[in-house]
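Following: one structure in C-alpha cells, then a few remarks.
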Amino acid sequence: MAFDDDTQTIRPLRAAMREFELIDWIRQLPGPSRPDVLTGIGDDAAVLSVPAGFDLIVSTDTSVAGVHFPHGTAAYDVGWKSLAVNLSDLAAMGATPAWVSLALTLPKLDADWLKGFFAGFQALALPHRLALIGGDTTRGPLAITITIHGFCPNGQAVRRRGARAGDALIRIGRLGLAAAGLRWQLARPESERASPLLDPFEQQCLQALNRPEPKIGMDAVLRTHASALIDVSDGLLADLMHVARSSGVGAKVDLDAIEEFGWLSEHFGSSEARDMVTRGGDDYALLAACAPAQVDLLLVAAKALGHAASVIGCFEAEPGCRIHHHGQIDTVGGPSGYEHFT
C-alpha cells in the first residue's frame with residue numbers, strides 16, 4: 001500500500017475513469033506508515049499483525065443515502081461521518097483505532113464527489129493514524145460500508161454489561177443537536193444544503209449532524225473509570241436500555257441535567273426538544289456507567305479533552321428506564337429510538 005507521510009494533498013483524479021483507476025488513486029492517498037500493516041491494498045486480502053498483549057476490536061457500519069444522511073449532503077460530510085460512526089464504536093469499547101477497510105457502492109464514478117468524500121474521510125483518518133487497508137467498489141445506490149479495527153489490552157475492553165445499581169450515568173458529548181440539525185437540513189432545498197448559514201445555533205446543530213466528533217483519545221481513561229459504555233447512535237433512551245438490559249439493572253435520566261434540552265426548548269418547544277434529546281439519535285456521544293468514587297476523575301478527563309460531560313442520571317436496581325423532569329417521573333415503554341425495520 002503506497003503512503004505519503006509528507007503531504008496531505010489528494011492527488012488529481014480524472015473526470016473519466018474506470019474502476020481500477022479509482023482503486024489505484026485510492027491506494028496513493030496520504031496515510032500513516034504503520035509497521036503492523038504487512039500487506040495492504042493490492043492483494044486479495046490485507047495481512048495485519050496484532051501486537052502481543054492486545055485484543056482486536058472490530059466494528060462494521062453501513063451508511064445509506066436517504067437513510068443515514070440526506071440526499072444532497074456535501075460529499076466531504078459524507079466521508080467524515082461515515083468514518084466517524086465507526087470510530088465512535090471503538091471509543092465505546094475503550095479501544096485505540098488502527099486499520100479501516102472501505103466498500104463504496106456508487107451510482108456512477110463522479111470525480112468531484114469522490115474528491116470531496118475522501119477529503120472528509122482523510123481529515124478524520126489521518127489524525128488518528130488510521131490506515132486504509134482495502135475494501136471494494138461496486139455500482140448501485142449510494143452506500144458506504146466501513147469496517148474498522150482497533151486494539152485494547154487483553155481483557156480490558158469496556159462492555160455494555162458492566163453497569164451496577166448505584167453507578168452514575170454520565171454523558172460525554174452533546175445530545176439532541178444532531179436531530180435538530182436534521183430538521184433544519186431537511187427544511188432547506190437540496191441544492192442549498194452545503195451553503196453556509198448565519199444562525200450560530202443552527203450551524204452548531206448541522207455540525208453535530210454532519211461532522212460528529214468521535215470521542216477517540218479517551219480509551220485509557222474509559223478503561224480505568226467506566227464500568228459500562230455505549231455510544232448514542234439510535235437515541236439516548238434506546239441505547240441506555242441496551243446497557244440496562246445487558247447489565248440486569250434499570251436507569252433514571254434527569255432531563256433537566258441535560259443543558260441541550262434547554263437550548264432546544266427555546267427553538268422547538270419542550271415536547272419536541274425532549275424527543276430530540278431522548279430519541280433523536282445520531283449524536284455519537286458516549287454514555288458511561290461510573291462508580292461514584294470515579295465520577296470526578298472521568299468528568300475532569302473528558303473536559304480536559306474538550307468534551308461536554310456531566311452526570312445525567314443513575315443506574316437503579318428496578319428494571320426499566322425512568323425520565324425525571326420538573327418533579328414528574330415518566331416510565332419509558334415501547335420503542336425508544338430509531339429502528340430500521342419499523
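Every chain in the C-alpha cells takes a letter, A first, then B, and so on in the order presented; its residues are numbered from 1, and the ligands are numbered from 1 following the presented order.
Once A:Thr96 and its same-chain neighbours fewer than 3 positions away are set aside, Leu56, Ile57, Leu87, Leu90, Ala91, Met93, Trp99, His128, Arg129, Leu130, His149, Gly150, Phe151, Cys152, Pro153, Ile216, Gly217, Met218, Asp219 and Ala220 of chain A remain within 10 Å of it when counting only C-alpha atoms.
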Please write the residues from the selection above to a file, keeping all heavy atoms, as a compact mmCIF listing (two decimals), in the first residue's frame.
# COMPACT_ATOMS: atom_id res chain seq x y z
N LEU A 56 -8.09 -7.70 19.47
CA LEU A 56 -8.52 -6.98 18.27
C LEU A 56 -10.00 -6.64 18.41
O LEU A 56 -10.82 -7.53 18.64
CB LEU A 56 -8.28 -7.85 17.04
CG LEU A 56 -8.66 -7.24 15.68
CD1 LEU A 56 -7.79 -6.02 15.39
CD2 LEU A 56 -8.51 -8.28 14.57
N ILE A 57 -10.35 -5.37 18.25
CA ILE A 57 -11.73 -4.89 18.36
C ILE A 57 -12.18 -4.49 16.95
O ILE A 57 -11.51 -3.69 16.29
CB ILE A 57 -11.83 -3.68 19.30
CG1 ILE A 57 -11.07 -3.93 20.62
CG2 ILE A 57 -13.28 -3.33 19.57
CD1 ILE A 57 -11.58 -5.07 21.44
N LEU A 87 -15.52 5.05 14.23
CA LEU A 87 -14.60 5.45 15.29
C LEU A 87 -15.32 5.54 16.63
O LEU A 87 -14.76 5.19 17.68
CB LEU A 87 -13.94 6.79 14.94
CG LEU A 87 -12.83 6.74 13.90
CD1 LEU A 87 -12.50 8.14 13.42
CD2 LEU A 87 -11.58 6.07 14.48
N LEU A 90 -15.50 2.20 18.34
CA LEU A 90 -14.25 1.84 19.03
C LEU A 90 -14.12 2.62 20.33
O LEU A 90 -13.69 2.06 21.36
CB LEU A 90 -13.04 2.12 18.13
CG LEU A 90 -12.83 1.22 16.93
CD1 LEU A 90 -11.44 1.45 16.34
CD2 LEU A 90 -12.99 -0.26 17.27
N ALA A 91 -14.48 3.91 20.30
CA ALA A 91 -14.41 4.70 21.52
C ALA A 91 -15.29 4.09 22.60
O ALA A 91 -14.93 4.09 23.79
CB ALA A 91 -14.85 6.14 21.24
N MET A 93 -15.81 1.11 23.23
CA MET A 93 -15.21 -0.11 23.77
C MET A 93 -13.92 0.19 24.52
O MET A 93 -13.28 -0.72 25.05
CB MET A 93 -14.92 -1.11 22.64
CG MET A 93 -16.11 -1.53 21.82
SD MET A 93 -17.33 -2.47 22.76
CE MET A 93 -16.44 -3.99 23.08
N TRP A 99 -6.78 0.27 11.87
CA TRP A 99 -6.96 -0.02 10.45
C TRP A 99 -8.42 0.15 10.06
O TRP A 99 -9.32 0.00 10.88
CB TRP A 99 -6.55 -1.47 10.14
CG TRP A 99 -5.27 -1.92 10.76
CD1 TRP A 99 -4.06 -1.28 10.74
CD2 TRP A 99 -5.06 -3.13 11.49
NE1 TRP A 99 -3.12 -2.02 11.40
CE2 TRP A 99 -3.68 -3.16 11.88
CE3 TRP A 99 -5.87 -4.21 11.84
CZ2 TRP A 99 -3.13 -4.21 12.60
CZ3 TRP A 99 -5.33 -5.26 12.57
CH2 TRP A 99 -3.98 -5.25 12.94
N HIS A 128 -5.86 10.23 13.56
CA HIS A 128 -5.93 9.03 14.41
C HIS A 128 -5.03 7.90 13.91
O HIS A 128 -5.14 6.77 14.39
CB HIS A 128 -7.38 8.56 14.50
CG HIS A 128 -8.30 9.56 15.11
ND1 HIS A 128 -8.13 10.04 16.40
CD2 HIS A 128 -9.39 10.22 14.63
CE1 HIS A 128 -9.07 10.93 16.68
NE2 HIS A 128 -9.84 11.05 15.62
N ARG A 129 -4.14 8.21 12.95
CA ARG A 129 -3.19 7.23 12.40
C ARG A 129 -3.92 5.98 11.94
O ARG A 129 -3.49 4.85 12.17
CB ARG A 129 -2.10 6.87 13.41
CG ARG A 129 -1.23 8.02 13.85
CD ARG A 129 0.06 7.57 14.52
NE ARG A 129 0.92 6.87 13.57
CZ ARG A 129 1.20 5.57 13.63
NH1 ARG A 129 0.66 4.81 14.57
NH2 ARG A 129 1.99 5.00 12.75
N LEU A 130 -5.01 6.19 11.24
CA LEU A 130 -5.86 5.11 10.77
C LEU A 130 -5.46 4.74 9.35
O LEU A 130 -5.55 5.56 8.44
CB LEU A 130 -7.31 5.56 10.84
CG LEU A 130 -8.41 4.51 10.74
CD1 LEU A 130 -8.28 3.48 11.85
CD2 LEU A 130 -9.77 5.18 10.81
N HIS A 149 -10.89 -1.50 12.71
CA HIS A 149 -10.19 -2.40 13.62
C HIS A 149 -9.39 -1.56 14.61
O HIS A 149 -8.76 -0.57 14.23
CB HIS A 149 -9.20 -3.31 12.87
CG HIS A 149 -9.79 -4.01 11.69
ND1 HIS A 149 -10.11 -3.35 10.51
CD2 HIS A 149 -10.10 -5.31 11.49
CE1 HIS A 149 -10.60 -4.22 9.64
NE2 HIS A 149 -10.61 -5.42 10.20
N GLY A 150 -9.40 -1.98 15.85
CA GLY A 150 -8.62 -1.29 16.86
C GLY A 150 -8.08 -2.28 17.89
O GLY A 150 -8.38 -3.48 17.84
N PHE A 151 -7.30 -1.77 18.82
CA PHE A 151 -6.67 -2.60 19.84
C PHE A 151 -7.13 -2.21 21.24
O PHE A 151 -7.44 -1.05 21.51
CB PHE A 151 -5.14 -2.44 19.80
CG PHE A 151 -4.52 -2.70 18.46
CD1 PHE A 151 -3.52 -1.87 17.97
CD2 PHE A 151 -4.92 -3.78 17.69
CE1 PHE A 151 -2.93 -2.11 16.74
CE2 PHE A 151 -4.34 -4.03 16.46
CZ PHE A 151 -3.34 -3.19 15.98
N CYS A 152 -7.12 -3.19 22.10
CA CYS A 152 -7.40 -2.97 23.52
C CYS A 152 -6.54 -3.97 24.29
O CYS A 152 -6.41 -5.12 23.87
CB CYS A 152 -8.88 -3.23 23.78
SG CYS A 152 -9.53 -2.37 25.19
N PRO A 153 -5.92 -3.55 25.40
CA PRO A 153 -5.15 -4.53 26.19
C PRO A 153 -6.02 -5.74 26.53
O PRO A 153 -7.23 -5.60 26.77
CB PRO A 153 -4.76 -3.74 27.44
CG PRO A 153 -4.74 -2.31 26.99
CD PRO A 153 -5.85 -2.20 25.99
N ILE A 216 -12.59 9.62 20.48
CA ILE A 216 -11.33 8.88 20.45
C ILE A 216 -10.29 9.65 21.28
O ILE A 216 -10.28 10.87 21.31
CB ILE A 216 -10.84 8.74 18.99
CG1 ILE A 216 -11.81 7.85 18.21
CG2 ILE A 216 -9.44 8.19 18.93
CD1 ILE A 216 -11.86 6.42 18.68
N GLY A 217 -9.42 8.93 21.94
CA GLY A 217 -8.39 9.56 22.76
C GLY A 217 -8.65 9.40 24.25
O GLY A 217 -7.80 9.72 25.07
N MET A 218 -9.84 8.88 24.59
CA MET A 218 -10.18 8.66 25.99
C MET A 218 -10.07 7.19 26.38
O MET A 218 -10.52 6.81 27.45
CB MET A 218 -11.61 9.14 26.26
CG MET A 218 -11.81 10.62 26.17
SD MET A 218 -13.41 11.10 26.84
CE MET A 218 -13.25 10.60 28.55
N ASP A 219 -9.48 6.36 25.49
CA ASP A 219 -9.52 4.92 25.69
C ASP A 219 -8.98 4.49 27.05
O ASP A 219 -9.63 3.73 27.78
CB ASP A 219 -8.81 4.18 24.56
CG ASP A 219 -7.48 4.81 24.20
OD1 ASP A 219 -7.39 6.04 24.14
OD2 ASP A 219 -6.53 4.07 23.95
N ALA A 220 -7.81 4.97 27.43
CA ALA A 220 -7.21 4.55 28.71
C ALA A 220 -8.05 5.04 29.89
O ALA A 220 -8.24 4.31 30.87
CB ALA A 220 -5.79 5.07 28.81
Those of stretch 10-234 of chain A in DSSP helix (DSSP H, G or I), formatted as a ChimeraX atom specification: /A:19-27,75-91,111-128,160-162,177-187,190-192,200-210,219-225
Non-local contacts of stretch 205-207 of chain A (9 Å; only C-alpha atoms; under 5 positions in same chain excluded) as number ranges by chain: A: 176-182, 184-185, 200, 212
DSSP strand (DSSP E) selection over stretch 216-286 of chain A, as an NGL selection string: :A and (228-231 or 250-254 or 286)
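The coordinates place atom CA of A:Leu297 at 16.4 Å from atom CA of A:Lys215.
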Closest of A:Val58, A:Ile26, A:Val332, A:Leu236 to A:Lys115 - atom-to-atom distances counting only C-alpha atoms: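 Under the stated criterion, the closest residue is A:Ile26.
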A:Cys290, A:Leu264, A:Leu114, A:Ala285 ranked by distance to A:Leu175, top pick (using only C-alpha atoms):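 The shortest atom-to-atom distance to A:Leu175 comes from A:Ala285.
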Atom pair atom CA of A:Arg223 / atom CA of A:Ile172: separation (Å):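 Atom CA of A:Ile172 lies 14.5 Å from atom CA of A:Arg223.
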Proximity to A:Pro30 - best of A:Val100, A:Ala226, A:Ala163, A:Leu126, only C-alpha atoms: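 Nearest candidate to A:Pro30 out of A:Val100, A:Ala226, A:Ala163, A:Leu126: A:Leu126.
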Cut-off 10 Å: closest stretch 195-295 of chain A/stretch 63-85 of chain A atom pairs per residue, using only C-alpha atoms, as CSV:
residue,atom,partner,partner_atom,distance
A:Ser195,CA,A:Ala74,CA,9.4
A:Gln207,CA,A:Asp77,CA,9.2
A:Ala208,CA,A:Lys81,CA,9.9
A:Leu209,CA,A:Lys81,CA,8.4
A:Asn210,CA,A:Asp77,CA,5.4
A:Arg211,CA,A:Lys81,CA,5.5
A:Pro212,CA,A:Ala84,CA,6.5
A:Glu213,CA,A:Ala84,CA,6.7
A:Pro214,CA,A:Ala84,CA,5.7
A:Lys215,CA,A:Ala84,CA,9.4
A:Ile216,CA,A:Ala84,CA,9.7
A:Asp231,CA,A:Val85,CA,9.2
A:Val232,CA,A:Val85,CA,9.9
A:Ser233,CA,A:Val85,CA,8.1
A:Asp282,CA,A:Val85,CA,8.7
A:Asp283,CA,A:Val85,CA,9.5
A:Tyr284,CA,A:Val85,CA,6.9
Neighbour list for A:Ala273 as an MDAnalysis selection string, cut-off 12 Å, only C-alpha atoms, skip fewer than 3 positions in-chain: chainID A and resid 175:180 183 255:256 258:270 276:280
Near-A:Ser227 list (9 Å; only C-alpha atoms; drop same-chain fewer than 3 positions) as a ChimeraX atom specification: /A:158-164,167,222-224,288-291
Counting only C-alpha atoms, the residue of A:Gly135, A:Gly248, A:Gly173, A:Gly166 that sits nearest A:Cys314: A:Gly166
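For the pair atom CA of A:Ala301 and atom CA of A:Ala125, the interatomic distance is 23.0 Å.
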